[in-house]
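**Student:** This is the content of start_32.cif (mmCIF, C-alpha atoms):
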```
data_query
loop_
_atom_site.label_atom_id
_atom_site.label_comp_id
_atom_site.auth_asym_id
_atom_site.auth_seq_id
_atom_site.Cartn_x
_atom_site.Cartn_y
_atom_site.Cartn_z
CA MET C 206 4.40 -0.73 14.56
CA ILE C 207 4.97 -0.74 10.79
CA GLN C 208 3.64 -3.86 9.13
CA THR C 209 5.77 -5.49 6.43
CA MET C 210 4.15 -5.86 3.04
CA GLN C 211 3.38 -9.41 2.00
CA GLN C 212 3.80 -10.44 -1.63
CA VAL C 213 1.92 -13.44 -3.01
CA SER C 214 1.69 -14.82 -6.52
CA THR C 215 -1.12 -17.38 -6.35
CA ILE C 216 -4.87 -16.95 -6.02
CA LYS C 217 -4.92 -19.49 -3.18
CA GLU C 218 -2.38 -17.52 -1.13
CA LEU C 219 -4.18 -14.24 -1.74
CA ARG C 220 -7.56 -15.64 -0.75
CA ALA C 221 -6.10 -17.02 2.48
CA GLU C 222 -4.76 -13.57 3.41
CA ILE C 223 -8.05 -11.89 2.52
CA LYS C 224 -9.98 -14.43 4.57
CA ALA C 225 -7.76 -13.76 7.59
CA ALA C 226 -8.27 -10.00 7.21
CA ARG C 227 -12.03 -10.44 6.97
CA ARG C 228 -12.04 -12.47 10.19
CA GLN C 229 -10.44 -9.46 11.87
CA GLY C 230 -13.18 -7.20 10.52
CA LYS C 231 -10.87 -5.23 8.22
CA THR C 232 -12.13 -3.19 5.29
CA ILE C 233 -10.29 -3.93 2.07
CA GLY C 234 -9.16 -1.43 -0.54
CA PHE C 235 -7.91 -2.63 -3.91
CA VAL C 236 -5.60 -0.94 -6.43
CA PRO C 237 -5.36 -2.95 -9.67
CA THR C 238 -2.35 -2.05 -11.85
CA MET C 239 -0.22 -3.33 -14.69
CA GLY C 240 2.92 -2.32 -12.83
CA PHE C 241 5.86 -0.10 -13.73
CA LEU C 242 4.53 2.10 -10.96
CA HIS C 243 4.66 5.88 -10.86
CA GLU C 244 3.27 8.62 -8.63
CA GLY C 245 -0.17 8.23 -10.20
CA HIS C 246 -0.39 4.66 -8.91
CA LEU C 247 0.98 5.70 -5.53
CA SER C 248 -1.74 8.36 -5.22
CA LEU C 249 -4.29 5.54 -5.50
CA VAL C 250 -2.53 3.70 -2.68
CA LYS C 251 -2.64 6.87 -0.59
CA ALA C 252 -6.38 7.20 -1.15
CA ALA C 253 -6.88 3.53 -0.27
CA ARG C 254 -4.69 3.89 2.82
CA GLU C 255 -6.86 6.78 4.03
CA THR C 256 -10.08 4.83 3.48
CA CYS C 257 -9.35 1.18 4.29
CA ASP C 258 -7.71 -1.07 6.87
CA LEU C 259 -5.99 -3.37 4.36
CA VAL C 260 -4.61 -2.16 1.02
CA VAL C 261 -4.22 -4.77 -1.73
CA MET C 262 -2.42 -3.99 -4.99
CA SER C 263 -2.24 -6.27 -7.99
CA ILE C 264 0.44 -6.09 -10.67
CA PHE C 265 -0.59 -8.01 -13.75
CA VAL C 266 0.02 -7.16 -17.39
CA ASN C 267 -3.21 -8.53 -18.79
CA PRO C 268 -2.85 -10.02 -22.28
CA LEU C 269 -6.61 -9.96 -22.88
CA GLN C 270 -6.65 -6.17 -23.22
CA PHE C 271 -3.87 -5.93 -25.81
CA GLY C 272 -4.59 -6.20 -29.53
CA PRO C 273 -2.43 -8.30 -31.88
CA ASN C 274 -0.28 -5.33 -32.94
CA GLU C 275 -0.05 -3.64 -29.55
CA ASP C 276 2.74 -3.47 -27.01
CA PHE C 277 2.07 -6.45 -24.69
CA GLU C 278 5.55 -7.94 -25.07
CA ARG C 279 7.39 -4.65 -24.67
CA TYR C 280 5.14 -3.18 -21.96
CA PRO C 281 7.59 -2.07 -19.21
CA ARG C 282 7.96 -4.54 -16.34
CA ASP C 283 10.10 -4.34 -13.18
CA ILE C 284 8.57 -6.32 -10.32
CA GLU C 285 11.48 -5.76 -7.94
CA ARG C 286 11.31 -1.97 -8.36
CA ASP C 287 7.52 -2.02 -8.15
CA SER C 288 7.56 -4.13 -5.00
CA GLN C 289 9.83 -1.63 -3.24
CA MET C 290 7.65 1.30 -4.33
CA ALA C 291 4.45 -0.47 -3.25
CA ALA C 292 5.88 -1.27 0.17
CA GLY C 293 7.07 2.31 0.60
CA ALA C 294 3.64 3.67 -0.32
CA GLY C 295 1.84 1.54 2.28
CA VAL C 296 0.56 -1.49 0.37
CA ASP C 297 -0.17 -4.35 2.76
CA LEU C 298 -0.63 -7.16 0.27
CA LEU C 299 0.89 -7.28 -3.22
CA PHE C 300 -0.54 -9.79 -5.69
CA THR C 301 1.81 -10.57 -8.62
CA PRO C 302 0.30 -13.49 -10.54
CA SER C 303 1.70 -14.95 -13.74
CA VAL C 304 -0.40 -15.21 -16.89
CA GLU C 305 -0.57 -18.97 -16.25
CA GLU C 306 -1.94 -18.36 -12.74
CA MET C 307 -4.67 -16.03 -13.98
CA TYR C 308 -5.47 -18.00 -17.14
CA PRO C 309 -4.37 -21.62 -16.62
CA THR C 310 -6.45 -22.67 -19.64
CA PRO C 311 -7.72 -20.62 -22.60
CA ILE C 312 -10.43 -18.39 -21.18
CA LEU C 313 -13.85 -19.01 -22.72
CA THR C 314 -15.77 -16.41 -20.73
CA LYS C 315 -15.60 -12.69 -21.34
CA VAL C 316 -17.38 -9.67 -19.91
CA SER C 317 -18.60 -7.18 -22.47
CA VAL C 318 -20.03 -3.79 -21.46
CA ALA C 319 -22.02 -2.05 -24.18
CA HIS C 320 -22.35 1.64 -25.17
CA VAL C 321 -19.70 3.17 -22.88
CA THR C 322 -17.09 1.01 -24.64
CA ALA C 323 -18.11 2.05 -28.17
CA PRO C 324 -16.38 5.46 -28.58
CA LEU C 325 -12.86 6.71 -27.82
CA CYS C 326 -10.39 3.89 -27.04
CA GLY C 327 -13.11 1.32 -27.62
CA ALA C 328 -13.36 2.42 -31.26
CA SER C 329 -9.62 2.46 -31.89
CA ARG C 330 -8.75 -0.63 -29.81
CA PRO C 331 -11.42 -3.26 -30.60
CA GLY C 332 -11.82 -5.81 -27.82
CA HIS C 333 -9.70 -3.79 -25.38
CA PHE C 334 -12.47 -3.14 -22.88
CA ASP C 335 -13.71 -6.73 -23.00
CA GLY C 336 -10.23 -7.63 -21.77
CA VAL C 337 -10.31 -4.90 -19.13
CA SER C 338 -13.74 -5.74 -17.76
CA THR C 339 -13.01 -9.49 -17.78
CA VAL C 340 -9.78 -9.19 -15.80
CA VAL C 341 -11.22 -6.59 -13.40
CA LEU C 342 -14.23 -8.80 -12.66
CA LYS C 343 -11.88 -11.75 -12.09
CA LEU C 344 -9.72 -9.67 -9.75
CA PHE C 345 -12.81 -8.43 -7.90
CA SER C 346 -13.89 -12.06 -7.49
CA ILE C 347 -10.48 -13.01 -6.08
CA VAL C 348 -9.90 -9.99 -3.81
CA GLN C 349 -13.54 -9.18 -2.93
CA PRO C 350 -12.68 -5.61 -1.94
CA ASP C 351 -14.97 -3.08 -0.33
CA TYR C 352 -13.42 -0.26 -2.39
CA ALA C 353 -11.49 -0.21 -5.67
CA PHE C 354 -9.36 2.77 -6.70
CA PHE C 355 -8.86 3.79 -10.33
CA GLY C 356 -7.06 6.75 -11.87
CA GLN C 357 -9.18 9.24 -13.78
CA LYS C 358 -6.56 9.43 -16.55
CA ASP C 359 -8.23 6.27 -17.86
CA ALA C 360 -11.65 7.93 -17.57
CA GLN C 361 -13.31 5.55 -20.01
CA GLN C 362 -12.02 2.60 -18.00
CA VAL C 363 -13.53 4.15 -14.86
CA ALA C 364 -16.87 4.53 -16.66
CA VAL C 365 -16.76 0.93 -17.95
CA VAL C 366 -15.87 -0.60 -14.59
CA THR C 367 -18.48 1.53 -12.79
CA GLN C 368 -21.15 0.40 -15.26
CA MET C 369 -20.13 -3.26 -14.87
CA VAL C 370 -20.27 -3.01 -11.07
CA LYS C 371 -23.72 -1.41 -11.26
CA ASP C 372 -25.13 -3.86 -13.81
CA LEU C 373 -23.84 -7.00 -12.07
CA SER C 374 -24.53 -5.83 -8.49
CA ILE C 375 -20.90 -6.33 -7.49
CA PRO C 376 -20.47 -5.28 -3.82
CA VAL C 377 -17.58 -2.90 -4.38
CA GLU C 378 -17.48 0.89 -4.50
CA VAL C 379 -15.42 2.27 -7.38
CA ILE C 380 -13.43 5.34 -6.29
CA PRO C 381 -12.08 7.52 -9.14
CA CYS C 382 -8.93 9.46 -8.23
CA PRO C 383 -7.56 12.62 -9.91
CA ILE C 384 -4.99 12.57 -12.71
CA VAL C 385 -1.43 12.99 -11.43
CA ARG C 386 0.86 15.03 -13.67
CA GLU C 387 4.55 15.73 -14.06
CA ALA C 388 5.66 19.24 -13.10
CA ASP C 389 5.39 20.31 -16.75
CA GLY C 390 1.83 18.99 -17.07
CA LEU C 391 2.36 15.64 -18.82
CA ALA C 392 -0.06 13.06 -17.39
CA MET C 393 1.88 10.30 -15.66
CA SER C 394 1.85 7.01 -17.56
CA SER C 395 3.95 3.87 -17.59
CA ARG C 396 4.26 4.36 -21.35
CA ASN C 397 6.00 7.73 -20.98
CA VAL C 398 9.32 5.86 -20.79
CA TYR C 399 8.95 5.04 -24.49
CA LEU C 400 9.10 8.70 -25.52
CA SER C 401 12.23 10.25 -26.99
CA ALA C 402 13.21 13.68 -25.65
CA GLU C 403 11.63 15.42 -28.64
CA GLU C 404 8.47 13.31 -28.52
CA ARG C 405 8.09 14.03 -24.83
CA ALA C 406 8.52 17.77 -25.39
CA GLN C 407 5.84 17.77 -28.09
CA ALA C 408 3.53 15.56 -25.98
CA LEU C 409 3.04 18.50 -23.62
CA VAL C 410 0.52 19.78 -26.16
CA LEU C 411 -2.02 17.35 -24.68
CA SER C 412 -2.19 19.00 -21.25
CA GLN C 413 -1.75 22.43 -22.82
CA SER C 414 -4.72 21.93 -25.12
CA LEU C 415 -6.85 20.70 -22.21
CA ARG C 416 -5.99 23.81 -20.20
CA GLN C 417 -7.05 25.88 -23.20
CA ALA C 418 -10.25 23.83 -23.48
CA SER C 419 -11.07 24.64 -19.86
CA ALA C 420 -10.65 28.36 -20.60
CA TRP C 421 -12.76 28.09 -23.76
CA LEU C 422 -15.51 26.33 -21.81
CA GLU C 423 -15.45 29.21 -19.32
CA GLU C 424 -15.87 31.60 -22.24
CA GLY C 425 -18.88 29.63 -23.43
CA LEU C 426 -17.49 28.59 -26.82
CA PRO C 427 -19.48 25.90 -28.67
CA LEU C 428 -18.12 22.40 -28.09
CA GLU C 429 -17.53 21.77 -31.79
CA GLU C 430 -15.42 24.91 -32.01
CA ILE C 431 -13.41 23.84 -28.96
CA LYS C 432 -12.82 20.43 -30.50
CA GLU C 433 -11.55 21.93 -33.77
CA ARG C 434 -9.26 24.32 -31.91
CA ILE C 435 -7.75 21.43 -29.94
CA LYS C 436 -7.17 19.47 -33.15
CA ARG C 437 -5.35 22.42 -34.69
CA MET C 438 -3.17 22.85 -31.59
CA ILE C 439 -2.15 19.20 -31.64
CA ALA C 440 -1.72 19.01 -35.41
CA ASP C 441 0.74 21.89 -35.15
CA LYS C 442 3.21 19.44 -33.53
CA PRO C 443 4.99 17.56 -36.35
CA LEU C 444 5.45 14.33 -34.37
CA ALA C 445 1.81 14.15 -33.25
CA GLU C 446 -0.59 11.75 -34.94
CA ILE C 447 -4.15 12.21 -33.65
CA ASP C 448 -6.13 9.07 -32.86
CA TYR C 449 -9.11 11.01 -31.56
CA VAL C 450 -10.22 14.31 -30.07
CA GLU C 451 -13.75 14.00 -28.70
CA ILE C 452 -16.13 15.83 -26.41
CA LEU C 453 -18.84 13.59 -24.98
CA ARG C 454 -21.22 13.43 -22.06
CA TYR C 455 -19.71 11.87 -18.95
CA PRO C 456 -19.95 9.21 -17.64
CA ASP C 457 -22.23 7.62 -20.26
CA LEU C 458 -19.92 8.75 -23.12
CA GLN C 459 -22.78 9.56 -25.45
CA PRO C 460 -22.85 12.53 -27.87
CA VAL C 461 -23.74 15.92 -26.41
CA GLU C 462 -27.03 16.67 -28.14
CA ASN C 463 -28.01 19.83 -26.28
CA GLU C 464 -25.31 22.00 -24.76
CA THR C 465 -27.18 22.71 -21.54
CA SER C 466 -25.57 24.49 -18.59
CA GLY C 467 -24.33 22.20 -15.84
CA GLN C 468 -24.03 19.11 -18.03
CA ALA C 469 -20.96 16.98 -17.25
CA ILE C 470 -18.68 16.35 -20.23
CA ILE C 471 -15.31 14.83 -20.99
CA VAL C 472 -12.77 16.30 -23.38
CA ALA C 473 -10.81 13.18 -24.34
CA LEU C 474 -7.59 12.91 -26.35
CA ALA C 475 -5.55 10.04 -27.75
CA VAL C 476 -2.44 10.93 -29.74
CA ARG C 477 0.55 8.95 -30.97
CA PHE C 478 4.08 10.26 -30.72
CA GLY C 479 6.23 7.81 -32.64
CA LYS C 480 5.19 4.34 -31.46
CA THR C 481 3.75 5.63 -28.18
CA ARG C 482 0.04 6.23 -27.80
CA LEU C 483 -0.86 8.69 -25.03
CA ILE C 484 -4.27 9.55 -23.62
CA ASP C 485 -5.41 12.48 -21.51
CA ASN C 486 -8.71 14.09 -20.60
CA LEU C 487 -10.55 16.86 -18.86
CA ILE C 488 -13.86 16.30 -17.08
CA ALA C 489 -15.80 19.55 -16.84
CA THR C 490 -19.26 21.06 -16.93
CA ILE C 491 -20.84 23.18 -19.63
CA ARG C 492 -21.25 26.79 -18.51
#
```
When written as structure tokens, how does the structure in this file appear?
**Tutor:**
Amino acid sequence: MIQTMQQVSTIKELRAEIKAARRQGKTIGFVPTMGFLHEGHLSLVKAARETCDLVVMSIFVNPLQFGPNEDFERYPRDIERDSQMAAGAGVDLLFTPSVEEMYPTPILTKVSVAHVTAPLCGASRPGHFDGVSTVVLKLFSIVQPDYAFFGQKDAQQVAVVTQMVKDLSIPVEVIPCPIVREADGLAMSSRNVYLSAEERAQALVLSQSLRQASAWLEEGLPLEEIKERIKRMIADKPLAEIDYVEILRYPDLQPVENETSGQAIIVALAVRFGKTRLIDNLIATIR
């Protein structure tokens, strides 16, 4: 028998459903999102479905993680479409709170994770990860999942949340899931809808440069040389404006001091095409 997805918008309703599931001994998997769902999100639901008895998804565009000149107001939203996609993917419980429900009064508490938030998006988006970690901790407190599923496209976010869970002894296992790409290689993102046809065509340089980086790593090229080659590839696209190209240790996101064989690294990119900022990455090991 196929169970119909339930959609709730208040913390009280959600907690009542979670409590009922716990009484039945169900394991709970959680997929936090900001909505405008795509196949990347649905792959997280699939992983949760395979692991857990009850799959909870949240859709909440969190104002705390947007800077003053960022795209909070224009971030794509379509709850009706998202609800249909979530139900089709196998979500049992969809949580769609308003900003007022999540933050009924100005929030005076924030969660700040050090070190792993300093480079990459943390450097170019000050305060972003405080907003991420604060809302994720709040959602973990509300849902109390056994497992939480995050896409590896936001690899720094995965590292930040994993560190927070470890430091604060939160009883949830963070499950990173692989990047899902379009047929032509572009990493799936809700922000891809902003791209013009020409911007989207040039944005393919991100995945192309990462494929080249993988080959260069196999050849044993020095990391600094790989980084410079990637920058040249991207700069060759006239609409591309590089925010960063970095190669760091993963998951602690510290500089690679000694290029020792077997060390895990991340090749991380953030590039603007017009008004749209895209990120992509490759997690690999030094040969």
**Student:** Run the PyMOL selection byres ((chain C and resi 296-310) around 7) on the file and write out the hits as a PyMOL selection string.
**Tutor:** chain C and resi 210-215+219+250+259-265+291-292+294-295+311-312
**Student:** Go ahead and compute the interatomic distance for atom CA of C:Ala402 and atom CA of C:Lys432, in Å to one decimal.
**Tutor:**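 Those two atoms sit 27.3 Å apart.
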**Student:** Tell me which residues the PyMOL selection byres ((chain C and resi 461-463) around 12) grabs here, as a PyMOL selection string.
**Tutor:** chain C and resi 427-429+451-460+464-472+490-491
**Student:** Could you tell me which of C:Gln417, C:Ser401, C:Thr322, C:Ser329 comes closest to C:Gln362 if we count all atoms listed in the file?
**Tutor:** C:Thr322
**Student:** Set the distance at 6 Å and use all atoms listed in the file: which residues neighbour stretch 334-351 of chain C once local chain neighbours fewer than 3 positions away are removed? I'd like the list as a PyMOL selection string.
**Tutor:** chain C and resi 233-235+269-270+315-317+377
**Student:** Pull the closest atom pair for each residue of stretch 259-327 of chain C that gets at most 12 Å from stretch 395-399 of chain C, along with the distance in Å to one decimal, counting only C-alpha atoms, ordering rows by chain and then ascending residue number, as JSON lines.
**Tutor:**
```
{"residue": "C:Val266", "atom": "CA", "partner": "C:Ser395", "partner_atom": "CA", "distance": 11.7}
{"residue": "C:Asp276", "atom": "CA", "partner": "C:Arg396", "partner_atom": "CA", "distance": 9.8}
{"residue": "C:Phe277", "atom": "CA", "partner": "C:Arg396", "partner_atom": "CA", "distance": 11.5}
{"residue": "C:Arg279", "atom": "CA", "partner": "C:Tyr399", "partner_atom": "CA", "distance": 9.8}
{"residue": "C:Tyr280", "atom": "CA", "partner": "C:Arg396", "partner_atom": "CA", "distance": 7.6}
{"residue": "C:Pro281", "atom": "CA", "partner": "C:Ser395", "partner_atom": "CA", "distance": 7.2}
{"residue": "C:Arg282", "atom": "CA", "partner": "C:Ser395", "partner_atom": "CA", "distance": 9.4}
{"residue": "C:Asp283", "atom": "CA", "partner": "C:Ser395", "partner_atom": "CA", "distance": 11.2}
{"residue": "C:Asp287", "atom": "CA", "partner": "C:Ser395", "partner_atom": "CA", "distance": 11.7}
```
